[in-house]
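With compact mmCIF, C-alpha atoms and all ligand atoms inside, this is start14.txt:
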```txt
# COMPACT_ATOMS: atom_id res chain seq x y z
CA MET A 87 -19.28 -7.92 -11.77
CA LEU A 88 -16.61 -5.87 -13.64
CA ARG A 89 -14.63 -5.56 -10.39
CA ASN A 90 -14.63 -9.33 -9.94
CA SER A 91 -13.59 -9.97 -13.55
CA LEU A 92 -10.73 -7.48 -13.30
CA LEU A 93 -9.56 -8.95 -10.00
CA GLN A 94 -9.67 -12.42 -11.57
CA LEU A 95 -7.64 -11.13 -14.52
CA SER A 96 -5.11 -9.54 -12.17
CA LYS A 97 -4.09 -13.10 -11.22
CA SER A 98 -3.73 -14.39 -14.80
CA GLU A 99 -0.10 -14.85 -15.85
CA ARG A 100 -1.08 -15.32 -19.53
CA VAL A 101 -2.96 -12.02 -19.70
CA ARG A 102 -0.22 -10.30 -17.71
CA ASP A 103 2.43 -11.43 -20.22
CA VAL A 104 0.41 -10.11 -23.15
CA ILE A 105 -0.55 -6.79 -21.52
CA GLU A 106 2.87 -5.99 -20.01
CA LYS A 107 4.41 -6.42 -23.46
CA ALA A 108 1.61 -4.62 -25.31
CA PRO A 109 2.39 -1.17 -26.65
CA VAL A 110 0.57 0.53 -23.80
CA SER A 111 0.95 4.27 -23.95
CA ARG A 112 3.46 5.35 -21.33
CA SER A 113 1.10 8.01 -20.06
CA VAL A 114 -1.56 5.40 -19.22
CA VAL A 115 0.69 3.44 -16.90
CA ARG A 116 2.41 6.60 -15.67
CA ARG A 117 -0.82 7.95 -14.25
CA PHE A 118 -0.61 5.32 -11.47
CA VAL A 119 3.02 4.11 -11.62
CA ALA A 120 5.97 6.43 -11.02
CA GLY A 121 8.23 4.76 -13.58
CA ALA A 122 10.26 1.64 -14.26
CA THR A 123 13.64 2.55 -12.74
CA THR A 124 15.11 3.43 -9.35
CA ASP A 125 15.86 6.94 -10.61
CA GLU A 126 12.22 7.44 -11.60
CA GLY A 127 11.00 6.13 -8.22
CA VAL A 128 13.36 8.49 -6.37
CA ALA A 129 12.43 11.42 -8.63
CA ALA A 130 8.72 10.90 -7.84
CA ALA A 131 9.47 10.75 -4.10
CA ALA A 132 11.54 13.96 -4.33
CA GLU A 133 8.81 15.77 -6.24
CA LEU A 134 6.16 14.80 -3.68
CA ASP A 135 8.51 15.66 -0.82
CA ALA A 136 8.96 19.14 -2.30
CA THR A 137 5.20 19.69 -1.98
CA GLY A 138 5.12 18.58 1.66
CA ARG A 139 3.95 15.03 1.04
CA CYS A 140 5.65 11.99 2.60
CA THR A 141 5.97 8.79 0.56
CA THR A 142 6.02 5.03 0.91
CA ILE A 143 7.81 3.37 -1.99
CA ASP A 144 6.72 0.04 -3.46
CA TYR A 145 8.90 -1.93 -5.87
CA LEU A 146 6.23 -3.59 -8.00
CA GLY A 147 6.01 -7.36 -8.08
CA GLU A 148 4.04 -10.01 -6.22
CA ASP A 149 3.52 -13.73 -5.80
CA THR A 150 6.91 -14.88 -6.97
CA LEU A 151 7.77 -18.57 -7.13
CA ASP A 152 11.24 -17.80 -8.42
CA ALA A 153 14.03 -17.55 -5.82
CA GLU A 154 16.11 -15.30 -8.10
CA GLN A 155 13.19 -12.91 -8.56
CA ALA A 156 12.68 -12.71 -4.76
CA LYS A 157 16.35 -11.81 -4.31
CA HIS A 158 16.09 -9.28 -7.13
CA THR A 159 13.17 -7.62 -5.33
CA LYS A 160 15.16 -7.45 -2.07
CA ASP A 161 18.13 -5.96 -3.94
CA ALA A 162 15.83 -3.37 -5.58
CA TYR A 163 14.67 -2.22 -2.11
CA VAL A 164 18.27 -2.03 -0.87
CA THR A 165 19.20 0.07 -3.91
CA ILE A 166 16.28 2.47 -3.67
CA LEU A 167 16.65 2.92 0.11
CA GLY A 168 20.31 3.85 -0.48
CA ALA A 169 19.32 6.32 -3.20
CA LEU A 170 16.56 7.89 -1.08
CA ARG A 171 18.95 8.23 1.84
CA GLU A 172 21.59 9.89 -0.37
CA ARG A 173 19.02 12.50 -1.39
CA GLY A 174 18.15 13.10 2.29
CA LEU A 175 14.59 11.85 1.74
CA THR A 176 14.56 9.16 4.43
CA GLU A 177 15.29 11.66 7.22
CA GLY A 178 12.47 11.79 9.75
CA GLY A 179 10.78 8.91 7.92
CA ARG A 180 9.61 11.20 5.11
CA ALA A 181 10.21 8.46 2.54
CA GLU A 182 9.74 4.88 3.74
CA VAL A 183 9.14 1.57 1.91
CA SER A 184 6.19 -0.81 1.60
CA LEU A 185 6.93 -4.52 1.16
CA LYS A 186 4.86 -7.41 -0.16
CA LEU A 187 6.13 -10.60 1.49
CA SER A 188 4.97 -12.64 -1.52
CA ALA A 189 7.35 -10.62 -3.71
CA LEU A 190 10.17 -11.46 -1.28
CA GLY A 191 9.57 -15.19 -1.69
CA GLN A 192 6.89 -16.02 0.94
CA ALA A 193 5.25 -18.51 -1.45
CA LEU A 194 8.48 -20.34 -2.39
CA PRO A 195 8.13 -24.03 -1.61
CA GLY A 196 9.80 -25.20 1.61
CA ASP A 197 11.52 -22.21 3.18
CA GLY A 198 9.41 -19.42 1.66
CA ASP A 199 8.37 -17.78 4.94
CA LYS A 200 11.93 -17.91 6.24
CA ILE A 201 13.44 -16.47 3.07
CA ALA A 202 10.93 -13.61 2.92
CA LEU A 203 11.54 -12.83 6.60
CA GLU A 204 15.31 -12.77 6.13
CA TYR A 205 15.02 -10.44 3.16
CA ALA A 206 12.60 -8.23 5.10
CA ARG A 207 15.12 -8.12 7.97
CA GLU A 208 17.85 -6.97 5.63
CA ILE A 209 15.61 -4.18 4.32
CA CYS A 210 14.57 -3.21 7.87
CA THR A 211 18.22 -2.99 8.97
CA LEU A 212 18.92 -0.54 6.17
CA ALA A 213 15.74 1.41 6.89
CA GLN A 214 16.79 1.71 10.55
CA GLU A 215 20.24 2.98 9.57
CA SER A 216 18.56 5.47 7.23
CA GLY A 217 16.22 6.79 9.93
CA THR A 218 13.03 5.56 8.33
CA THR A 219 10.28 2.95 8.62
CA VAL A 220 8.91 -0.07 6.75
CA THR A 221 5.29 -1.15 6.24
CA LEU A 222 4.23 -4.69 5.31
CA ASP A 223 1.49 -4.57 2.66
CA MET A 224 -1.40 -6.97 3.21
CA GLU A 225 -2.30 -9.38 0.41
CA ASP A 226 -5.17 -11.87 0.05
CA HIS A 227 -6.72 -13.47 3.14
CA THR A 228 -4.79 -16.73 2.78
CA THR A 229 -1.65 -14.82 3.80
CA THR A 230 -3.03 -12.64 6.63
CA ASP A 231 -1.92 -14.85 9.53
CA ARG A 232 1.54 -15.39 8.09
CA THR A 233 2.02 -11.69 7.42
CA LEU A 234 0.93 -10.78 10.97
CA GLU A 235 3.29 -13.45 12.33
CA ALA A 236 6.15 -11.94 10.27
CA LEU A 237 5.16 -8.53 11.66
CA ARG A 238 5.44 -9.82 15.25
CA GLU A 239 8.87 -11.31 14.56
CA LEU A 240 10.20 -8.23 12.79
CA ARG A 241 8.89 -5.85 15.46
CA GLN A 242 10.99 -7.58 18.12
CA ASP A 243 14.09 -6.11 16.47
CA PHE A 244 12.53 -3.31 14.43
CA PRO A 245 9.60 -1.84 16.40
CA PHE A 246 8.97 0.70 13.63
CA VAL A 247 7.61 -1.92 11.20
CA GLY A 248 3.98 -1.22 10.36
CA ALA A 249 1.13 -3.44 9.20
CA VAL A 250 -1.86 -3.08 6.90
CA LEU A 251 -5.34 -4.19 7.95
CA GLN A 252 -8.21 -4.52 5.48
CA ALA A 253 -11.66 -3.37 6.63
CA TYR A 254 -13.43 -5.82 4.30
CA LEU A 255 -12.27 -8.83 6.34
CA HIS A 256 -14.55 -9.98 9.18
CA ARG A 257 -11.52 -10.53 11.41
CA THR A 258 -10.14 -7.00 11.14
CA GLU A 259 -11.89 -5.39 14.12
CA ALA A 260 -10.23 -7.97 16.35
CA ASP A 261 -6.86 -7.44 14.61
CA CYS A 262 -7.23 -3.68 15.19
CA ARG A 263 -7.75 -4.30 18.92
CA ASP A 264 -4.60 -6.44 19.01
CA LEU A 265 -2.52 -3.87 17.18
CA ALA A 266 -3.79 -0.61 18.74
CA THR A 267 -0.88 -0.60 21.16
CA ALA A 268 1.92 1.90 21.85
CA GLY A 269 4.46 2.15 19.03
CA SER A 270 2.36 0.16 16.59
CA ARG A 271 1.82 1.63 13.11
CA VAL A 272 -1.35 0.40 11.39
CA ARG A 273 -2.47 1.33 7.89
CA LEU A 274 -6.22 0.81 7.56
CA CYS A 275 -7.52 0.30 4.01
CA LYS A 276 -10.76 -1.13 2.57
CA GLY A 277 -8.97 -4.08 0.88
CA ALA A 278 -8.17 -4.64 -2.78
CA TYR A 279 -8.51 -8.40 -3.44
CA LYS A 280 -11.42 -10.61 -4.47
CA GLU A 281 -12.39 -12.37 -1.24
CA PRO A 282 -15.12 -14.95 -0.52
CA GLU A 283 -18.21 -14.22 1.57
CA SER A 284 -16.95 -16.59 4.25
CA VAL A 285 -14.18 -14.16 5.21
CA ALA A 286 -15.13 -10.73 3.85
CA PHE A 287 -17.99 -8.24 3.66
CA GLN A 288 -19.20 -8.04 0.06
CA SER A 289 -21.16 -4.78 -0.13
CA GLY A 290 -19.58 -1.33 -0.19
CA ALA A 291 -21.85 -0.16 2.64
CA GLU A 292 -20.79 -3.04 4.91
CA VAL A 293 -17.11 -2.42 4.17
CA ASP A 294 -17.50 1.30 4.94
CA LYS A 295 -19.23 0.56 8.26
CA SER A 296 -16.49 -1.87 9.19
CA TYR A 297 -13.89 0.76 8.22
CA VAL A 298 -15.44 3.25 10.67
CA ARG A 299 -15.62 0.67 13.49
CA CYS A 300 -11.96 -0.22 12.93
CA LEU A 301 -10.95 3.42 12.71
CA LYS A 302 -12.60 4.14 16.08
CA ILE A 303 -10.56 1.37 17.69
CA LEU A 304 -7.31 2.61 16.16
CA MET A 305 -7.94 6.29 16.94
CA GLN A 306 -8.86 5.53 20.56
CA GLY A 307 -5.90 3.17 20.93
CA GLU A 308 -2.28 3.98 21.63
CA GLY A 309 -0.77 3.24 18.24
CA TYR A 310 -0.22 5.36 15.14
CA PRO A 311 -3.20 5.07 12.73
CA MET A 312 -2.59 5.50 9.00
CA ILE A 313 -5.82 6.23 7.14
CA ALA A 314 -5.40 4.81 3.63
CA SER A 315 -8.46 5.85 1.66
CA HIS A 316 -9.54 8.26 -1.07
CA ASP A 317 -13.14 8.09 0.08
CA PRO A 318 -14.10 11.69 0.99
CA ARG A 319 -16.59 10.52 3.63
CA LEU A 320 -14.07 8.29 5.40
CA VAL A 321 -11.38 10.98 5.23
CA GLU A 322 -13.79 13.40 6.91
CA ILE A 323 -14.85 10.87 9.55
CA ALA A 324 -11.17 10.13 10.28
CA GLY A 325 -10.55 13.84 10.94
CA ALA A 326 -13.55 14.04 13.28
CA LEU A 327 -12.51 10.89 15.17
CA ALA A 328 -8.95 12.17 15.52
CA ALA A 329 -10.26 15.42 17.05
CA GLN A 330 -12.63 13.49 19.34
CA SER A 331 -9.77 11.28 20.52
CA GLY A 332 -7.60 14.34 21.21
CA ARG A 333 -5.06 13.42 18.56
CA ALA A 334 -2.85 16.23 17.30
CA PRO A 335 -1.52 16.36 13.72
CA GLY A 336 1.51 14.09 13.60
CA SER A 337 -0.06 11.45 15.85
CA PHE A 338 -1.80 9.85 12.83
CA GLU A 339 -1.53 10.22 9.08
CA TYR A 340 -3.51 10.07 5.86
CA GLN A 341 -2.35 7.96 2.93
CA MET A 342 -3.37 7.92 -0.74
CA LEU A 343 -2.09 6.23 -3.88
CA TYR A 344 0.15 7.90 -6.44
CA GLY A 345 -1.94 9.65 -9.08
CA ILE A 346 -5.25 9.44 -7.22
CA ARG A 347 -6.86 12.65 -5.90
CA PRO A 348 -3.56 14.61 -6.01
CA GLU A 349 -5.30 17.92 -5.25
CA GLU A 350 -6.84 16.45 -2.10
CA GLN A 351 -3.42 15.08 -1.13
CA LYS A 352 -1.97 18.59 -1.36
CA ARG A 353 -4.91 20.14 0.49
CA ILE A 354 -4.47 17.75 3.44
CA ALA A 355 -0.69 18.32 3.54
CA ASP A 356 -1.13 22.10 3.28
CA ARG A 357 -3.46 22.23 6.28
CA GLY A 358 -0.70 20.68 8.42
CA ASP A 359 -1.73 17.01 8.56
CA THR A 360 0.69 14.28 7.50
CA MET A 361 -0.13 12.97 4.03
CA ARG A 362 1.83 10.01 2.69
CA VAL A 363 1.62 8.92 -0.93
CA TYR A 364 2.12 5.27 -1.90
CA VAL A 365 4.52 5.37 -4.86
CA PRO A 366 4.79 2.18 -6.95
CA TYR A 367 7.60 1.84 -9.48
CA GLY A 368 9.13 -1.00 -11.51
CA GLU A 369 8.46 -3.06 -14.62
CA GLN A 370 5.87 -5.40 -13.09
CA TRP A 371 2.94 -3.03 -12.98
CA TYR A 372 0.22 -5.38 -14.26
CA GLY A 373 -1.34 -6.73 -11.02
CA TYR A 374 -1.19 -3.31 -9.37
CA LEU A 375 -2.84 -1.55 -12.32
CA MET A 376 -5.60 -4.16 -12.60
CA ARG A 377 -6.54 -3.63 -8.94
CA ARG A 378 -6.70 0.15 -9.49
CA MET A 379 -9.00 -0.42 -12.48
CA ALA A 380 -11.22 -2.73 -10.46
CA GLU A 381 -11.70 0.12 -7.97
CA LYS A 382 -12.91 2.59 -10.57
CA PRO A 383 -14.43 1.38 -13.87
CA ALA A 384 -13.72 4.77 -15.50
CA ASN A 385 -10.03 3.81 -15.34
CA VAL A 386 -10.73 0.87 -17.68
CA ALA A 387 -11.91 3.20 -20.44
CA PHE A 388 -8.84 5.40 -19.81
CA PHE A 389 -6.58 2.34 -20.10
CA LEU A 390 -8.27 0.98 -23.25
CA ARG A 391 -8.08 4.41 -24.91
CA GLY A 392 -4.33 4.36 -24.18
CA LEU A 393 -3.98 0.91 -25.78
CA ALA A 394 -5.94 1.98 -28.83
CA THR A 395 -4.00 5.20 -29.42
CA LYS A 396 -0.55 3.64 -29.32
P1 LIG B 401 -13.24 3.69 -2.84
O1 LIG B 401 -14.64 3.60 -2.39
O2 LIG B 401 -12.71 2.60 -3.72
O3 LIG B 401 -12.99 5.07 -3.55
C1 LIG B 401 -13.43 6.30 -3.08
C2 LIG B 401 -13.18 7.37 -4.13
O4 LIG B 401 -11.79 7.50 -4.33
C3 LIG B 401 -13.72 7.03 -5.51
O5 LIG B 401 -15.06 7.41 -5.65
C4 LIG B 401 -12.77 7.80 -6.40
O6 LIG B 401 -13.13 9.16 -6.43
C5 LIG B 401 -11.47 7.65 -5.70
N1 LIG B 401 -10.74 6.45 -6.16
C6 LIG B 401 -10.58 5.31 -5.47
N2 LIG B 401 -9.84 4.43 -6.17
C7 LIG B 401 -9.55 5.02 -7.34
C8 LIG B 401 -8.84 4.61 -8.47
N3 LIG B 401 -8.27 3.42 -8.54
N4 LIG B 401 -8.73 5.48 -9.49
C9 LIG B 401 -9.27 6.71 -9.45
N5 LIG B 401 -9.99 7.15 -8.37
C10 LIG B 401 -10.12 6.32 -7.34
N6 LIG B 401 -5.19 -2.75 -0.30
C11 LIG B 401 -4.80 -3.97 0.16
O7 LIG B 401 -5.56 -4.94 0.04
N7 LIG B 401 -3.58 -4.14 0.76
C12 LIG B 401 -2.73 -3.10 0.95
O8 LIG B 401 -1.63 -3.30 1.52
C13 LIG B 401 -3.11 -1.81 0.50
N8 LIG B 401 -2.32 -0.73 0.68
C14 LIG B 401 -2.81 0.51 0.35
C15 LIG B 401 -2.03 1.63 0.63
C16 LIG B 401 -2.54 2.89 0.41
C17 LIG B 401 -1.71 4.09 0.77
C18 LIG B 401 -3.85 3.05 -0.14
C19 LIG B 401 -4.44 4.41 -0.35
C20 LIG B 401 -4.59 1.95 -0.47
C21 LIG B 401 -4.07 0.68 -0.26
N9 LIG B 401 -4.80 -0.46 -0.59
C22 LIG B 401 -4.38 -1.68 -0.15
C23 LIG B 401 -5.97 -0.35 -1.49
C24 LIG B 401 -7.27 -0.23 -0.73
O9 LIG B 401 -7.57 -1.43 -0.08
C25 LIG B 401 -8.44 0.12 -1.68
O10 LIG B 401 -8.58 -0.89 -2.63
C26 LIG B 401 -8.27 1.45 -2.40
O11 LIG B 401 -7.67 2.41 -1.58
C27 LIG B 401 -9.65 1.99 -2.83
O12 LIG B 401 -10.47 2.21 -1.72
P2 LIG B 401 -10.86 3.67 -1.17
O13 LIG B 401 -10.81 3.60 0.31
O14 LIG B 401 -10.02 4.69 -1.78
O15 LIG B 401 -12.40 3.84 -1.51
```

As structure tokens - that is how I would like this structure written.
Amino acid sequence: MLRNSLLQLSKSERVRDVIEKAPVSRSVVRRFVAGATTDEGVAAAAELDATGRCTTIDYLGEDTLDAEQAKHTKDAYVTILGALRERGLTEGGRAEVSLKLSALGQALPGDGDKIALEYAREICTLAQESGTTVTLDMEDHTTTDRTLEALRELRQDFPFVGAVLQAYLHRTEADCRDLATAGSRVRLCKGAYKEPESVAFQSGAEVDKSYVRCLKILMQGEGYPMIASHDPRLVEIAGALAAQSGRAPGSFEYQMLYGIRPEEQKRIADRGDTMRVYVPYGEQWYGYLMRRMAEKPANVAFFLRGLATK
């Protein structure tokens, strides 16, 4: 109930405008968001890198219907990739970027798909020159086909581009089969949007079972599975499946979000497995933060306390 309300609110522009301008204590947002500027995003990546954790950097923003904003997002990625490269962080793919096609203009009327694809190409070119990779975030189910189509197109020139699949969608087992091929990077997550029964499992138990079925396909396949979950049970199952499939460390990776279970992140990196942290930065933190609150109601109290104390 609370999850659904928060996910509904995450889409409200009116509430977003009020909350983003509210005097929210910096520490509240900073628990989940690395900062507002390129320098802060790079600093967070460098700090994580120093503790043996890889990163994937996300310039916050989604669903833009403004062509200027889409270009601004593309420019922000170009700037941060340059800055990460200068610091030596992109070497060996230690710091990569995650893109939301909707933030690059996918929903613009007329040529949206084309514009987003061109911007993604520009970012991929720079990533390639910098020795790193790019992952396309997955958004709500109305965009899944278009995002997978963009993935196919981009991979023709940039085979290192990865995709995200969401275990809560009924279709995802089949998508995993399609993508479990050599060279293919697939991030498997539970899924963060409010989706109807017609397309998605609704109960936590069903989503977890689907996650394990999908994980088996990816681990037994020829691609590079990226296990994006903080769920201790799924993290353990992933380790067992990797061992069963004869996968050595480095042939798959774990991923977690900035600020969530940092001790576990370090533990996994310290034992020699690849751990990548998703690092969001930028001014437009509202939608991202609302989804994190929907995942864990305790975060709502934390957020409200921050509002009240400022
Ligand atoms: P849950 O069952 O939600 O959580 C398990 C445990 O993890 C909780 O009990 C708690 O201890 C801890 N935890 C989980 N979430 C939080 C939180 N917000 N705050 C504090 N503790 C928490 N979703 C998409 O739809 N598209 C994407 O492209 C996408 N990319 C992602 C990339 C990464 C690297 C990660 C880690 C997640 C991504 N997600 C994405 C979000 C994902 O779909 C889930 O919504 C999110 O990861 C929570 O699910 P969980 O597997 O951690 O399990």

* Selected residue of minimal separation from Ala266 (chain A) among A:Ile201, A:Leu251, A:Met305, A:Ala132, counting all atoms listed in the file -> A:Met305

* **For Val250 (chain A), the nearest of the candidates A:Arg271, A:Lys302, A:Arg116, A:Arg232, counting only C-alpha atoms** => A:Arg271

* Asked: Counting only C-alpha atoms and all ligand atoms, which protein, DNA or RNA residues come within 7 Å of ligand LIG 401 (chain B), given as a ChimeraX atom specification?
  -> /A:223-226,250,252,275-279,314-318,341-343,346-347,363-364,378-379,381-382,385

* To do: May I ask for the distance between CA of Glu126 (chain A) and CA of Gly336 (chain A), given in Å to one decimal place?
  =>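 Spanning CA of Glu126 (chain A) to CA of Gly336 (chain A) is a straight-line distance of 28.2 Å.
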
Please tell me which residues are no farther than 12 Å from (-1.3, -3.1, 22.0) in the file, counting only C-alpha atoms, and write them as a PDB file with C-alpha atoms, in the coordinates of the input.
```pdb
ATOM      1  CA  ARG A 238       5.440  -9.820  15.250  1.00  0.00           C
ATOM      2  CA  ALA A 260     -10.230  -7.970  16.350  1.00  0.00           C
ATOM      3  CA  ASP A 261      -6.860  -7.440  14.610  1.00  0.00           C
ATOM      4  CA  CYS A 262      -7.230  -3.680  15.190  1.00  0.00           C
ATOM      5  CA  ARG A 263      -7.750  -4.300  18.920  1.00  0.00           C
ATOM      6  CA  ASP A 264      -4.600  -6.440  19.010  1.00  0.00           C
ATOM      7  CA  LEU A 265      -2.520  -3.870  17.180  1.00  0.00           C
ATOM      8  CA  ALA A 266      -3.790  -0.610  18.740  1.00  0.00           C
ATOM      9  CA  THR A 267      -0.880  -0.600  21.160  1.00  0.00           C
ATOM     10  CA  ALA A 268       1.920   1.900  21.850  1.00  0.00           C
ATOM     11  CA  GLY A 269       4.460   2.150  19.030  1.00  0.00           C
ATOM     12  CA  SER A 270       2.360   0.160  16.590  1.00  0.00           C
ATOM     13  CA  ARG A 271       1.820   1.630  13.110  1.00  0.00           C
ATOM     14  CA  VAL A 272      -1.350   0.400  11.390  1.00  0.00           C
ATOM     15  CA  ILE A 303     -10.560   1.370  17.690  1.00  0.00           C
ATOM     16  CA  LEU A 304      -7.310   2.610  16.160  1.00  0.00           C
ATOM     17  CA  GLN A 306      -8.860   5.530  20.560  1.00  0.00           C
ATOM     18  CA  GLY A 307      -5.900   3.170  20.930  1.00  0.00           C
ATOM     19  CA  GLU A 308      -2.280   3.980  21.630  1.00  0.00           C
ATOM     20  CA  GLY A 309      -0.770   3.240  18.240  1.00  0.00           C
ATOM     21  CA  TYR A 310      -0.220   5.360  15.140  1.00  0.00           C
TER      22      TYR A 310
END
```

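If you look at CA of Phe287 (chain A) and CA of His256 (chain A), they are 6.7 Å away from each other.
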
* To do: Quote the spacing between CA of Asp152 (chain A) and CA of Ala122 (chain A) in Å to one decimal place.
  =>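 These two atoms are separated by 20.3 Å.
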
* **Near-Asp125 (chain A) list (12 Å; only C-alpha atoms; drop same-chain fewer than 6 positions) as a PyMOL selection string** => chain A and resi 131-132+162+165-170+173+367-368

Report as AutoDock Vina command-line options the centre and the edge lengths, in Å to one decimal, of the axis-aligned box holding every listed atom of region 173-190 of chain A, padded by 5 Å on each side.
```
--center_x 11.9 --center_y 0.2 --center_z 3.0 --size_x 24.2 --size_y 35.7 --size_z 23.5
```

* Smallest atom-to-atom distance to Ala193 (chain A): which of A:Ser331, A:Asn90, A:Gln370, A:Thr233, using only C-alpha atoms? ->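 Selected residue with least distance to Ala193 (chain A): A:Thr233.
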
* All residues 12 Å or closer to Arg180 (chain A), only C-alpha atoms, same chain fewer than 4 positions away omitted, as a ChimeraX atom specification -> /A:131-132,134-143,167,170-171,173-176,213,216-220,339,360-364

* Asked: Can you list, as a PyMOL selection string, every protein, DNA or RNA residue that comes within 8 Å of Gln288 (chain A) when you count all atoms listed in the file, leaving out same-chain residues fewer than 5 positions away?
  -> chain A and resi 254+283+293

* **Top pick for closest residue to Val285 (chain A), considering A:Ala236, A:Ala253, A:Ile313, A:Val247 and counting only C-alpha atoms** => A:Ala253

Within 12 Å of Gly325 (chain A), counting all atoms listed in the file, which residues qualify if same-chain residues fewer than 5 places away don't, as a PDB file with C-alpha atoms, in the coordinates of the input?
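Result file is around-v7.pdb:
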```pdb
ATOM      1  CA  VAL A 298     -15.440   3.250  10.670  1.00  0.00           C
ATOM      2  CA  LEU A 301     -10.950   3.420  12.710  1.00  0.00           C
ATOM      3  CA  LYS A 302     -12.600   4.140  16.080  1.00  0.00           C
ATOM      4  CA  MET A 305      -7.940   6.290  16.940  1.00  0.00           C
ATOM      5  CA  PRO A 311      -3.200   5.070  12.730  1.00  0.00           C
ATOM      6  CA  MET A 312      -2.590   5.500   9.000  1.00  0.00           C
ATOM      7  CA  ILE A 313      -5.820   6.230   7.140  1.00  0.00           C
ATOM      8  CA  PRO A 318     -14.100  11.690   0.990  1.00  0.00           C
ATOM      9  CA  ARG A 319     -16.590  10.520   3.630  1.00  0.00           C
ATOM     10  CA  LEU A 320     -14.070   8.290   5.400  1.00  0.00           C
ATOM     11  CA  GLN A 330     -12.630  13.490  19.340  1.00  0.00           C
ATOM     12  CA  SER A 331      -9.770  11.280  20.520  1.00  0.00           C
ATOM     13  CA  GLY A 332      -7.600  14.340  21.210  1.00  0.00           C
ATOM     14  CA  ARG A 333      -5.060  13.420  18.560  1.00  0.00           C
ATOM     15  CA  ALA A 334      -2.850  16.230  17.300  1.00  0.00           C
ATOM     16  CA  PRO A 335      -1.520  16.360  13.720  1.00  0.00           C
ATOM     17  CA  SER A 337      -0.060  11.450  15.850  1.00  0.00           C
ATOM     18  CA  PHE A 338      -1.800   9.850  12.830  1.00  0.00           C
ATOM     19  CA  GLU A 339      -1.530  10.220   9.080  1.00  0.00           C
ATOM     20  CA  TYR A 340      -3.510  10.070   5.860  1.00  0.00           C
ATOM     21  CA  ILE A 354      -4.470  17.750   3.440  1.00  0.00           C
ATOM     22  CA  ARG A 357      -3.460  22.230   6.280  1.00  0.00           C
ATOM     23  CA  ASP A 359      -1.730  17.010   8.560  1.00  0.00           C
ATOM     24  CA  THR A 360       0.690  14.280   7.500  1.00  0.00           C
TER      25      THR A 360
END
```

As a compact mmCIF listing (two decimals), in the frame of the given file, the rebuilt region 358-369 of chain A with N, CA and C atoms:
```txt
# COMPACT_ATOMS: atom_id res chain seq x y z
N GLY A 358 -1.57 21.03 7.29
CA GLY A 358 -0.70 20.68 8.42
C GLY A 358 -0.81 19.23 8.88
N ASP A 359 -1.67 18.43 8.22
CA ASP A 359 -1.73 17.01 8.56
C ASP A 359 -0.68 16.25 7.74
N THR A 360 -0.27 15.09 8.26
CA THR A 360 0.69 14.28 7.50
C THR A 360 -0.05 13.53 6.40
N MET A 361 0.43 13.69 5.18
CA MET A 361 -0.13 12.97 4.03
C MET A 361 1.01 12.17 3.40
N ARG A 362 0.80 10.87 3.31
CA ARG A 362 1.83 10.01 2.69
C ARG A 362 1.27 9.40 1.41
N VAL A 363 2.05 9.46 0.35
CA VAL A 363 1.62 8.92 -0.93
C VAL A 363 2.35 7.60 -1.21
N TYR A 364 1.57 6.59 -1.57
CA TYR A 364 2.12 5.27 -1.90
C TYR A 364 2.61 5.33 -3.35
N VAL A 365 3.93 5.17 -3.53
CA VAL A 365 4.52 5.37 -4.86
C VAL A 365 5.03 4.03 -5.41
N PRO A 366 4.30 3.42 -6.35
CA PRO A 366 4.79 2.18 -6.95
C PRO A 366 5.70 2.49 -8.14
N TYR A 367 6.76 1.71 -8.28
CA TYR A 367 7.60 1.84 -9.48
C TYR A 367 8.11 0.45 -9.84
N GLY A 368 8.60 0.29 -11.08
CA GLY A 368 9.13 -1.00 -11.51
C GLY A 368 8.44 -1.48 -12.77
N GLU A 369 8.98 -2.54 -13.35
CA GLU A 369 8.46 -3.06 -14.62
C GLU A 369 7.16 -3.85 -14.43
```
